[in-house]
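> Sharing input-v8.cif below, mmCIF, C-alpha atoms:
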```cif
data_run
loop_
_atom_site.label_atom_id
_atom_site.label_comp_id
_atom_site.auth_asym_id
_atom_site.auth_seq_id
_atom_site.Cartn_x
_atom_site.Cartn_y
_atom_site.Cartn_z
CA MET A 1 97.63 53.30 122.08
CA ALA A 2 99.98 50.37 121.65
CA GLY A 3 97.11 47.90 121.89
CA LEU A 4 94.68 49.37 119.35
CA LEU A 5 95.34 46.58 116.86
CA SER A 6 96.55 43.93 119.29
CA GLY A 7 95.50 40.45 118.28
CA LEU A 8 95.71 41.18 114.55
CA LYS A 9 98.24 39.27 112.46
CA ILE A 10 99.68 40.99 109.42
CA LEU A 11 101.68 39.32 106.66
CA ASP A 12 103.90 41.90 104.97
CA PHE A 13 105.32 41.34 101.46
CA THR A 14 106.10 45.02 100.83
CA ARG A 15 109.42 46.68 100.10
CA LEU A 16 110.94 50.15 99.94
CA LEU A 17 108.72 52.85 101.57
CA PRO A 18 104.90 52.94 101.13
CA GLY A 19 104.02 49.40 102.24
CA PRO A 20 106.69 49.08 104.95
CA LYS A 21 105.62 52.43 106.44
CA LEU A 22 102.00 51.24 106.39
CA THR A 23 102.74 47.99 108.20
CA HIS A 24 105.16 49.79 110.54
CA LEU A 25 102.26 51.99 111.66
CA MET A 26 100.07 48.93 112.20
CA ALA A 27 102.82 47.28 114.25
CA GLY A 28 103.11 50.46 116.28
CA MET A 29 99.42 50.11 117.11
CA GLY A 30 99.92 46.59 118.40
CA ALA A 31 99.47 44.35 115.36
CA ALA A 32 101.83 41.39 115.02
CA VAL A 33 103.56 41.96 111.68
CA THR A 34 105.66 39.32 109.95
CA LYS A 35 107.73 40.64 107.06
CA ILE A 36 108.44 38.12 104.31
CA GLU A 37 111.47 38.48 102.05
CA ALA A 38 112.68 36.04 99.40
CA PRO A 39 116.41 35.28 99.50
CA LYS A 40 116.82 36.48 95.89
CA ARG A 41 114.30 39.29 96.26
CA PRO A 42 115.03 41.11 99.52
CA ASP A 43 113.84 44.58 100.40
CA THR A 44 116.47 46.71 98.65
CA THR A 45 116.60 49.18 101.55
CA ARG A 46 118.07 46.38 103.68
CA HIS A 47 121.50 47.04 102.15
CA GLN A 48 121.09 50.29 100.22
CA HIS A 49 119.63 52.25 103.14
CA PRO A 50 119.89 50.10 106.29
CA GLY A 51 118.96 52.98 108.60
CA LEU A 52 115.64 53.38 106.79
CA TYR A 53 115.13 49.62 106.73
CA HIS A 54 115.59 49.52 110.49
CA GLN A 55 113.21 52.44 111.11
CA LEU A 56 110.45 50.82 109.05
CA ASN A 57 110.90 47.22 110.18
CA CYS A 58 112.29 47.28 113.71
CA ASN A 59 108.90 46.34 115.20
CA LYS A 60 108.26 43.35 112.92
CA VAL A 61 109.26 39.71 112.80
CA LEU A 62 111.62 39.30 109.83
CA LYS A 63 111.37 36.05 107.91
CA VAL A 64 113.23 34.90 104.79
CA VAL A 65 111.21 32.43 102.71
CA ASP A 66 111.88 31.31 99.14
CA TYR A 67 108.22 31.43 98.12
CA ASN A 68 109.10 30.67 94.50
CA THR A 69 109.60 27.04 95.55
CA ALA A 70 106.68 24.71 96.28
CA GLU A 71 107.88 24.28 99.85
CA GLY A 72 108.25 28.01 100.43
CA ARG A 73 104.87 28.76 98.90
CA GLU A 74 103.20 26.27 101.23
CA GLU A 75 104.96 27.86 104.19
CA VAL A 76 103.66 31.28 103.20
CA LEU A 77 100.12 29.99 102.63
CA ALA A 78 100.21 28.39 106.06
CA LEU A 79 101.09 31.78 107.56
CA ALA A 80 98.38 33.46 105.46
CA ALA A 81 95.82 30.97 106.74
CA GLU A 82 96.42 32.30 110.26
CA SER A 83 96.65 35.99 109.30
CA ASP A 84 94.06 38.76 109.28
CA VAL A 85 95.73 40.96 106.68
CA LEU A 86 98.21 40.44 103.85
CA VAL A 87 99.88 43.51 102.35
CA GLU A 88 101.86 43.40 99.11
CA GLY A 89 103.29 46.01 96.76
CA PHE A 90 104.25 44.22 93.57
CA ARG A 91 102.85 45.07 90.16
CA PRO A 92 99.37 43.67 89.43
CA GLY A 93 99.37 39.94 88.77
CA ILE A 94 102.86 39.19 90.11
CA MET A 95 101.71 37.65 93.38
CA ALA A 96 99.22 35.50 91.43
CA GLU A 97 102.07 34.27 89.20
CA TRP A 98 103.74 32.99 92.36
CA GLY A 99 100.55 31.31 93.51
CA LEU A 100 100.05 33.91 96.24
CA GLY A 101 97.37 36.13 94.71
CA PHE A 102 94.12 37.13 96.40
CA GLU A 103 92.20 34.08 95.25
CA ASP A 104 95.07 31.76 96.24
CA VAL A 105 95.16 33.19 99.73
CA ARG A 106 91.38 33.33 100.08
CA ALA A 107 91.29 29.61 99.27
CA VAL A 108 93.08 28.98 102.58
CA ASN A 109 91.57 31.92 104.50
CA ASP A 110 88.18 33.20 103.39
CA LYS A 111 88.31 36.08 105.89
CA ILE A 112 91.58 37.57 104.64
CA THR A 113 91.89 41.28 103.99
CA TYR A 114 94.34 41.35 101.08
CA ALA A 115 95.80 44.78 100.36
CA SER A 116 97.75 45.72 97.22
CA VAL A 117 99.67 49.01 97.30
CA THR A 118 100.67 50.15 93.81
CA GLY A 119 101.34 53.34 91.91
CA TYR A 120 98.39 53.16 89.53
CA GLY A 121 96.05 50.52 90.91
CA GLN A 122 95.16 46.96 89.92
CA SER A 123 93.41 47.88 86.67
CA GLY A 124 93.42 50.59 84.02
CA VAL A 125 95.75 51.85 81.30
CA TYR A 126 98.58 52.72 83.72
CA SER A 127 98.25 49.74 86.05
CA HIS A 128 101.30 47.83 84.77
CA LEU A 129 103.60 50.84 84.47
CA ALA A 130 106.59 51.39 86.72
CA GLY A 131 106.71 54.58 88.73
CA HIS A 132 107.96 56.46 91.76
CA ASP A 133 106.69 59.30 93.92
CA ILE A 134 107.62 61.97 91.36
CA ASN A 135 105.56 60.19 88.68
CA TYR A 136 102.48 59.80 90.88
CA LEU A 137 102.58 63.48 91.88
CA ALA A 138 103.00 64.47 88.24
CA THR A 139 100.09 62.32 87.08
CA ALA A 140 97.86 63.56 89.92
CA GLY A 141 98.32 67.19 88.84
CA LEU A 142 100.21 68.09 92.01
CA LEU A 143 103.80 68.46 90.80
CA SER A 144 102.85 71.25 88.38
CA GLN A 145 101.76 73.36 91.36
CA LEU A 146 105.02 73.08 93.31
CA ILE A 147 106.54 76.29 91.99
CA GLY A 148 108.12 79.01 94.08
CA ARG A 149 108.06 82.78 93.63
CA GLY A 150 110.03 84.28 90.79
CA ASP A 151 110.31 83.88 87.05
CA THR A 152 110.71 80.12 86.97
CA SER A 153 107.87 77.84 85.94
CA LEU A 154 109.90 74.71 86.64
CA PRO A 155 108.10 72.42 89.11
CA ALA A 156 110.12 71.75 92.25
CA VAL A 157 110.55 68.10 93.21
CA PRO A 158 109.91 67.75 96.97
CA GLY A 159 112.61 66.10 99.03
CA PHE A 160 110.00 63.95 100.76
CA GLN A 161 107.66 61.30 99.40
CA ALA A 162 104.10 62.67 99.50
CA ALA A 163 102.39 60.11 97.26
CA ASP A 164 104.22 57.17 98.83
CA ILE A 165 103.22 58.06 102.38
CA ALA A 166 99.98 60.07 102.02
CA GLY A 167 98.72 57.95 99.12
CA GLY A 168 100.21 54.59 100.04
CA SER A 169 100.86 54.36 103.76
CA TYR A 170 98.12 56.57 105.19
CA MET A 171 95.41 55.79 102.65
CA GLY A 172 96.35 52.12 102.87
CA LEU A 173 95.98 52.19 106.64
CA ALA A 174 92.54 53.79 106.38
CA ALA A 175 91.33 51.41 103.66
CA ILE A 176 92.55 48.28 105.43
CA GLN A 177 90.97 49.29 108.71
CA ALA A 178 87.70 50.08 106.91
CA ALA A 179 87.71 46.52 105.51
CA LEU A 180 88.50 45.10 108.94
CA LEU A 181 85.67 47.11 110.45
CA LYS A 182 83.29 45.55 107.92
CA ARG A 183 84.63 42.12 108.80
CA PHE A 184 84.13 42.57 112.54
CA ARG A 185 80.68 44.08 112.08
CA ASP A 186 79.54 41.28 109.81
CA PRO A 187 81.78 38.26 110.49
CA ASP A 188 79.41 35.79 108.87
CA GLY A 189 78.88 37.83 105.72
CA TYR A 190 82.50 38.85 105.22
CA GLU A 191 84.07 36.75 102.48
CA GLY A 192 87.46 38.38 102.34
CA ALA A 193 88.35 41.58 100.50
CA HIS A 194 90.96 42.70 98.01
CA VAL A 195 91.81 46.30 98.92
CA ASP A 196 93.18 48.13 95.87
CA ILE A 197 95.32 51.07 97.04
CA ASP A 198 96.19 53.27 94.05
CA MET A 199 98.72 55.84 95.26
CA THR A 200 98.10 58.24 92.39
CA ALA A 201 94.33 58.24 92.86
CA ALA A 202 94.82 58.53 96.61
CA VAL A 203 96.68 61.85 96.36
CA VAL A 204 94.36 63.45 93.79
CA PRO A 205 92.14 64.78 96.65
CA LEU A 206 95.09 66.97 97.70
CA ASN A 207 93.95 69.00 94.69
CA THR A 208 90.60 69.80 96.30
CA ILE A 209 90.94 73.60 96.40
CA PRO A 210 92.88 74.09 93.12
CA PHE A 211 90.51 71.73 91.30
CA SER A 212 87.45 73.56 92.59
CA ILE A 213 88.91 76.83 91.29
CA SER A 214 89.72 75.37 87.88
CA GLN A 215 86.24 73.91 87.51
CA THR A 216 84.77 77.41 87.64
CA GLY A 217 86.85 78.37 84.61
CA LEU A 218 89.19 80.57 86.63
CA SER A 219 92.98 80.53 86.73
CA VAL A 220 94.48 78.48 89.53
CA ASP A 221 97.80 80.35 89.22
CA ILE A 222 96.14 83.73 89.71
CA LEU A 223 93.32 83.02 92.14
CA ASN A 224 94.80 80.38 94.45
CA VAL A 225 96.06 82.55 97.30
CA LEU A 226 97.36 79.40 99.01
CA ASN A 227 100.09 78.67 96.48
CA GLY A 228 102.78 80.83 98.10
CA ARG A 229 103.35 82.94 95.00
CA THR A 230 100.16 85.00 94.82
CA ALA A 231 99.42 86.69 98.15
CA ALA A 232 101.67 88.44 100.66
CA ASN A 233 99.89 86.96 103.66
CA TYR A 234 100.50 83.35 102.58
CA ALA A 235 104.11 82.98 101.54
CA VAL A 236 107.65 82.18 102.65
CA TYR A 237 110.23 84.89 103.37
CA GLU A 238 114.00 84.73 103.69
CA THR A 239 115.58 86.03 106.88
CA LYS A 240 118.86 87.77 107.65
CA ASP A 241 120.69 84.49 108.27
CA GLY A 242 119.55 82.83 105.04
CA LYS A 243 116.78 80.86 106.71
CA TYR A 244 113.03 81.28 106.27
CA MET A 245 109.73 82.16 107.92
CA ALA A 246 106.35 80.82 106.79
CA VAL A 247 103.52 83.37 106.86
CA GLY A 248 100.00 81.88 106.85
CA ALA A 249 98.04 84.91 108.06
CA LEU A 250 95.04 84.37 105.79
CA GLU A 251 92.49 85.89 108.15
CA MET A 252 92.69 89.67 108.42
CA LYS A 253 92.79 89.49 112.22
CA PHE A 254 96.09 87.62 111.93
CA TRP A 255 97.43 89.83 109.15
CA LYS A 256 96.85 92.89 111.35
CA LYS A 257 99.01 91.28 114.05
CA VAL A 258 101.72 90.59 111.47
CA CYS A 259 101.66 94.24 110.49
CA SER A 260 101.97 95.23 114.15
CA VAL A 261 105.04 93.01 114.65
CA ILE A 262 106.80 94.31 111.54
CA GLY A 263 105.85 97.94 112.21
CA ARG A 264 103.66 98.52 109.16
CA ALA A 265 100.30 99.68 110.49
CA ASP A 266 99.43 101.07 107.04
CA TRP A 267 99.35 97.56 105.58
CA ALA A 268 96.91 96.41 108.28
CA LYS A 269 94.15 98.33 106.50
CA MET A 270 94.50 96.30 103.31
CA ASN A 271 91.97 93.68 102.23
CA GLN A 272 92.82 90.32 100.66
CA LEU A 273 92.69 91.62 97.09
CA GLN A 274 95.16 94.37 97.97
CA LEU A 275 97.54 91.77 99.40
CA VAL A 276 97.83 90.01 96.05
CA PHE A 277 101.21 90.75 94.48
CA ALA A 278 100.84 88.57 91.39
CA PRO A 279 99.46 90.33 88.31
CA PRO A 280 96.94 90.95 86.86
CA LEU A 281 94.84 91.27 90.02
CA GLY A 282 94.91 94.49 92.00
CA LYS A 283 97.69 97.07 91.82
CA GLY A 284 100.20 94.67 93.27
CA PHE A 285 101.36 94.49 96.86
CA PRO A 286 104.87 95.98 97.46
CA LEU A 287 106.45 92.56 97.93
CA GLU A 288 110.05 93.76 97.87
CA GLU A 289 109.42 95.95 100.90
CA LEU A 290 108.09 93.02 102.92
CA GLU A 291 110.97 90.83 101.78
CA GLY A 292 113.39 93.52 102.95
CA ILE A 293 111.74 93.67 106.36
CA PHE A 294 112.11 89.93 106.90
CA LYS A 295 115.77 90.11 105.87
CA SER A 296 116.41 92.63 108.65
CA LYS A 297 116.32 89.98 111.38
CA THR A 298 117.36 86.36 111.83
CA ARG A 299 114.90 83.51 111.80
CA ASP A 300 115.23 83.03 115.56
CA GLU A 301 114.61 86.71 116.23
CA TRP A 302 111.44 86.63 114.12
CA THR A 303 110.38 83.40 115.79
CA ARG A 304 110.47 85.03 119.21
CA LEU A 305 108.58 88.10 118.03
CA PHE A 306 105.88 86.24 116.14
CA GLY A 307 105.57 83.58 118.82
CA GLU A 308 104.31 86.19 121.23
CA ALA A 309 101.86 87.57 118.63
CA ASP A 310 100.21 84.22 117.73
CA CYS A 311 99.41 85.13 114.13
CA CYS A 312 100.15 82.04 112.03
CA VAL A 313 103.83 82.82 111.38
CA THR A 314 106.32 80.03 112.04
CA PRO A 315 109.97 79.23 111.34
CA VAL A 316 110.73 76.92 108.44
CA LEU A 317 112.56 74.06 110.14
CA GLU A 318 115.15 71.93 108.41
CA VAL A 319 114.85 68.18 108.82
CA HIS A 320 117.91 67.90 111.10
CA GLU A 321 116.31 70.41 113.48
CA ILE A 322 113.19 68.35 114.15
CA LYS A 323 114.72 66.12 116.80
CA GLY A 324 115.52 69.03 119.11
CA ALA A 325 112.76 71.50 118.17
CA GLU A 326 110.38 72.56 120.93
CA TYR A 327 107.17 71.29 119.30
CA HIS A 328 108.64 67.89 118.47
CA VAL A 329 110.24 67.41 121.88
CA ASP A 330 106.95 68.34 123.54
CA LYS A 331 104.88 66.02 121.32
CA GLY A 332 107.39 63.16 121.19
CA THR A 333 107.26 62.92 117.40
CA VAL A 334 110.74 61.37 117.43
CA GLU A 335 111.34 58.23 119.46
CA ALA A 336 114.35 56.10 120.38
CA LEU A 337 114.71 52.78 118.59
CA VAL A 338 116.29 49.54 119.68
CA ASP A 339 119.95 49.29 118.69
CA VAL A 340 119.97 48.29 115.03
CA ASN A 341 123.43 46.78 115.40
CA GLU A 342 121.98 44.16 117.74
CA SER A 343 119.62 42.97 114.99
CA SER A 344 120.36 39.56 113.53
CA TRP A 345 120.12 40.80 109.94
CA VAL A 346 122.84 43.39 110.57
CA LYS A 347 125.11 40.92 112.32
CA SER A 348 124.68 38.33 109.57
CA ALA A 349 125.68 40.92 106.97
CA GLY A 350 128.80 41.79 108.92
CA MET A 351 128.15 45.52 108.85
CA ALA A 352 127.53 48.39 111.25
CA VAL A 353 124.72 50.93 110.85
CA ILE A 354 125.31 54.49 112.03
CA GLY A 355 122.63 57.07 112.85
CA ALA A 356 119.64 54.75 113.12
CA ASP A 357 119.03 55.23 116.84
CA HIS A 358 115.87 57.31 116.41
CA GLY A 359 112.73 57.04 114.30
CA LEU A 360 109.40 58.79 113.82
CA ALA A 361 106.67 57.97 116.33
CA LEU A 362 102.99 57.24 115.68
CA PRO A 363 101.41 60.45 114.34
CA PHE A 364 98.36 60.39 116.62
CA LYS A 365 97.41 59.75 120.21
CA LEU A 366 94.33 58.24 121.82
CA SER A 367 93.00 59.21 125.24
#
```
In structure tokens, write the structure found in this file.


Amino acid sequence: MAGLLSGLKILDFTRLLPGPKLTHLMAGMGAAVTKIEAPKRPDTTRHQHPGLYHQLNCNKVLKVVDYNTAEGREEVLALAAESDVLVEGFRPGIMAEWGLGFEDVRAVNDKITYASVTGYGQSGVYSHLAGHDINYLATAGLLSQLIGRGDTSLPAVPGFQAADIAGGSYMGLAAIQAALLKRFRDPDGYEGAHVDIDMTAAVVPLNTIPFSISQTGLSVDILNVLNGRTAANYAVYETKDGKYMAVGALEMKFWKKVCSVIGRADWAKMNQLQLVFAPPLGKGFPLEELEGIFKSKTRDEWTRLFGEADCCVTPVLEVHEIKGAEYHVDKGTVEALVDVNESSWVKSAGMAVIGADHGLALPFKLS
């Protein structure tokens, strides 16, 4: 696993989350990543969130270069000449203003794969606008769908960055490796490539099912049984201890097992339309009864009962529980990091970083 990308040299100009996570994944697969920061333009997470900075950059070579000077620019171009990939995340045209744009780099390395990770892409009416994860989700039509059960229609802002990581890091990784595959398949014909990673466009496919429903002229709010606020067999329920269980028993064979666990054999005879509790479809499932059943036991008690039944019902874990949870311990999704306080950048700043001893491991395995 560690050697999948061994031999590749990556030049990393990214900051904050999407780009650094992307290059962190590449480094985890064996690529040699050199992170470039200007003395007056450092990655802001270095000081604002040093634990995050360490998690995303602990497997890279950190280099401070004032590339706004002629000398610094030449140093960077010399590194680019020996690199396979350059990744940057500034607004369109900024790198070119510094003499480090795609054409500038291709002039010294005609095989370079030059990747730009931005919110709205390198061209178009939004391309020069500022934005963050919440804006990309909103523009992609995703934020409007993040609404829980109840009377509210207010979209809920997720506490994690879906567009940044799914749209920037993961899509960026796929796009860059696709370009590299083309290069290695046709080394003579490959003349470099500028990979335009538009985080908003990259998360639009998350709309695949809702969009397909809307295109038929039907209501996504009423007919999307996967939204957590329409059907009893695909929703979240509060437990006795104020925690939650996630029910994803879409198939009737699983729903029948759910009914067996909760002692409601009469509900096992229902079809999907009868399980819809949101009007105007059907007569409405007795949601309050099911909510009351789940509130009769704690999350851990339900976890044990449903674990034996194997019917797509799982506990809703909180982020601090991941490190010690059975699945994550078994899969090794959390890994130990080198001591951040031994890093030169921490020592030079005269500070100590607490709680940065573990990070998230590569999300796949190869055998």

> Of the residues A:Ser116, A:Met199, A:Ala96, A:Tyr237, which is the one nearest to Asn135 (chain A), using only C-alpha atoms?

A:Met199

> Considering all atoms listed in the file, return as an mmCIF file with C-alpha atoms, keeping the file's coordinate frame whatever protein or nucleic-acid residues lie within 9 Å of region 86-93 of chain A, sequence-local ones (same chain, fewer than 4 positions apart) excluded.


```cif
data_model
loop_
_atom_site.group_PDB
_atom_site.id
_atom_site.type_symbol
_atom_site.label_atom_id
_atom_site.label_comp_id
_atom_site.auth_asym_id
_atom_site.auth_seq_id
_atom_site.Cartn_x
_atom_site.Cartn_y
_atom_site.Cartn_z
ATOM 1 C CA LYS A 9 98.240 39.270 112.460
ATOM 2 C CA ILE A 10 99.680 40.990 109.420
ATOM 3 C CA LEU A 11 101.680 39.320 106.660
ATOM 4 C CA ASP A 12 103.900 41.900 104.970
ATOM 5 C CA PHE A 13 105.320 41.340 101.460
ATOM 6 C CA THR A 14 106.100 45.020 100.830
ATOM 7 C CA ARG A 15 109.420 46.680 100.100
ATOM 8 C CA PRO A 18 104.900 52.940 101.130
ATOM 9 C CA GLY A 19 104.020 49.400 102.240
ATOM 10 C CA LEU A 22 102.000 51.240 106.390
ATOM 11 C CA THR A 23 102.740 47.990 108.200
ATOM 12 C CA ALA A 80 98.380 33.460 105.460
ATOM 13 C CA GLU A 97 102.070 34.270 89.200
ATOM 14 C CA TRP A 98 103.740 32.990 92.360
ATOM 15 C CA GLY A 101 97.370 36.130 94.710
ATOM 16 C CA VAL A 105 95.160 33.190 99.730
ATOM 17 C CA ILE A 112 91.580 37.570 104.640
ATOM 18 C CA THR A 113 91.890 41.280 103.990
ATOM 19 C CA TYR A 114 94.340 41.350 101.080
ATOM 20 C CA ALA A 115 95.800 44.780 100.360
ATOM 21 C CA SER A 116 97.750 45.720 97.220
ATOM 22 C CA VAL A 117 99.670 49.010 97.300
ATOM 23 C CA THR A 118 100.670 50.150 93.810
ATOM 24 C CA GLY A 119 101.340 53.340 91.910
ATOM 25 C CA GLY A 121 96.050 50.520 90.910
ATOM 26 C CA GLN A 122 95.160 46.960 89.920
ATOM 27 C CA SER A 123 93.410 47.880 86.670
ATOM 28 C CA SER A 127 98.250 49.740 86.050
ATOM 29 C CA HIS A 128 101.300 47.830 84.770
ATOM 30 C CA LEU A 129 103.600 50.840 84.470
ATOM 31 C CA ALA A 130 106.590 51.390 86.720
#
```

> In Å to one decimal, how far is CA of Lys323 (chain A) from CA of Pro155 (chain A)?

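Going from CA of Pro155 (chain A) over to CA of Lys323 (chain A), I get 29.2 Å.
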
> Would you mind listing what lies within 9 Å of Ala156 (chain A) as a PyMOL selection string, with all atoms listed in the file counted and same-chain residues fewer than 2 positions away left out?

chain A and resi 143-148+154+158

> For a test of reading the model, state the distance in Å between CA of Gly217 (chain A) and CA of Met252 (chain A), rounded to one decimal.

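Calculated distance between CA of Gly217 (chain A) and CA of Met252 (chain A) is 27.0 Å.
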
> May I have a table of the residues of region 153-212 of chain A lying at most 12 Å from region 225-233 of chain A, giving each one's closest pair of atoms and their distance in Å to one decimal, counting all atoms listed in the file, ordered by chain and ascending residue number, as JSON lines?


```
{"residue": "A:Ser153", "atom": "CA", "partner": "A:Arg229", "partner_atom": "CA", "distance": 11.3}
{"residue": "A:Asn207", "atom": "CA", "partner": "A:Asn227", "partner_atom": "CA", "distance": 11.6}
{"residue": "A:Ile209", "atom": "CA", "partner": "A:Leu226", "partner_atom": "CA", "distance": 9.0}
{"residue": "A:Pro210", "atom": "CA", "partner": "A:Leu226", "partner_atom": "CA", "distance": 9.1}
```

> In Å, rounded to a single decimal, give me how far CA of His49 (chain A) is from CA of Thr333 (chain A).

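Answer for the CA of Thr333 (chain A) to CA of His49 (chain A) separation: 21.7 Å.
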
> To verify the selection step, state as a list in words which residues the PyMOL selection byres ((chain A and resi 34-38) around 9) yields on this input.

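Selection result, ordered by chain and number: Lys9, Ile10, Leu11, Asp12, Phe13, Thr14, Arg15, Pro20, Thr23, Ala32, Val33, Pro39, Lys40, Arg41, Pro42, Asp43, Asn57, Lys60, Val61, Leu62, Lys63, Val64, Val65, Asp66, Tyr67, Asn68 and Val76 of chain A.
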
> Kindly indicate which residue among A:Asn109, A:Thr208, A:Tyr126, A:Gln161 lies nearest to Tyr190 (chain A), using all atoms listed in the file for the distances.

A:Asn109
